Amino acid sequence: MSDATPERRTAVPGLTVTQDNEFFFTAAREGRLEIQRCTDCETLRHPPGPACPSCRSFTWDTVVASGRCTLHSWTVVHHPQDPAFTYPLAVGLVDLEEGTRLVADISGVDHADLRRGLELEVGFAEHAHGELLPQLRPVGGAR
């Protein structure tokens with residue numbers, strides 16, 4: 001008989017980590033939101049990628065985002081359900097203060113109170129396979 005804790009059954013795939021996005025997941029594990037920036041034209045981009053969509057440069061660094069954001073759009077998912085999440089699950093698209101957008105689940109806000117322009121902040125929460133990933137929360141909410 002094994003003493004190992006049984007793994008949660010989930011259809012959620014594990015993270016696909018590449019040389020272009022590894023910084024994002026490393027920063028998230030450390031409680032930071034980092035955004036990729038082209039070092040030639042200084043355009044910010046998310047999701048991360050190998051080349052700048054503005055000038056096609058392959059050189060980049062990162063900036064630490066403030067985490068302040070406003071809700072641009074959202075959906076409330078009811079089905080299909082996966083044991084890795086609690087339903088109904090609100091997922092939002094936010095405009096980060098720095099100018100890029102981010103998609104993440106929303107926690108701590110009644111779904112009836114979701115509205116375009118709602119001020120939120122990015123925190124971090126454990127997801128399906130134990131990764132820490134961004135989560136949208138009310139301003140001043142628990143981290």
# chains A, B, ... in the order shown; residues from 1 in each chain; ligands from 1

call {"tool": "closest_atom_pairs", "arguments": {"of": "segment 115-139 of chain A", "to": "segment 50-70 of chain A", "cutoff": "7 Å", "atoms": "only C-alpha atoms", "output": "tab-separated table"}}
result
residue	atom	partner	partner_atom	distance
A:Gly117	CA	A:Thr70	CA	5.1
A:Leu118	CA	A:Thr70	CA	5.3
A:Glu119	CA	A:Thr70	CA	4.5
A:Leu120	CA	A:Cys69	CA	5.3
A:Glu121	CA	A:Arg68	CA	4.6
A:Val122	CA	A:Gly67	CA	4.7

call {"tool": "residues_around", "arguments": {"residues": "segment 109-115 of chain A", "least_positions_apart": "4", "cutoff": "10 Å", "atoms": "only C-alpha atoms", "output": "list in words"}}
result
Thr70, Leu71, His72, Ser73, Trp74, Thr75, Val76, Pro88, Leu89, Ala90, Gly92, Glu119, Leu120, Leu136, Arg137, Pro138 and Gly141 of chain A

call {"tool": "closest_residue", "arguments": {"among": "A:Ala27, A:Arg45, A:Leu15, A:Leu33", "to": "Gly99 of chain A", "atoms": "only C-alpha atoms"}}
result
A:Arg45

call {"tool": "closest_residue", "arguments": {"among": "A:Thr43, A:Asn21, A:Gln135, A:Thr16", "to": "Leu102 of chain A", "atoms": "only C-alpha atoms"}}
result
A:Gln135

call {"tool": "select_by_dssp", "arguments": {"residues": "chain A", "states": "strand (DSSP E)", "output": "MDAnalysis selection string"}}
result
chainID A and resid 34:38 44:45 60:64 68:77 89:96 101:106 119:126 132:138

call {"tool": "closest_residue", "arguments": {"among": "A:Val103, A:Val91, A:Leu133, A:Cys38", "to": "Thr26 of chain A", "atoms": "only C-alpha atoms"}}
result
A:Leu133

call {"tool": "closest_residue", "arguments": {"among": "A:Arg29, A:His78, A:Arg37, A:Arg116", "to": "Leu132 of chain A", "atoms": "only C-alpha atoms"}}
result
A:Arg29

call {"tool": "select_by_dssp", "arguments": {"residues": "segment 25-143 of chain A", "states": "alpha helix (DSSP H)", "output": "PyMOL selection string"}}
result
chain A and resi 25-29

call {"tool": "residues_around", "arguments": {"residues": "Val12 of chain A", "least_positions_apart": "4", "cutoff": "8 Å", "atoms": "only C-alpha atoms", "output": "list in words"}}
result
Asp82, Ala84 and Ala128 of chain A
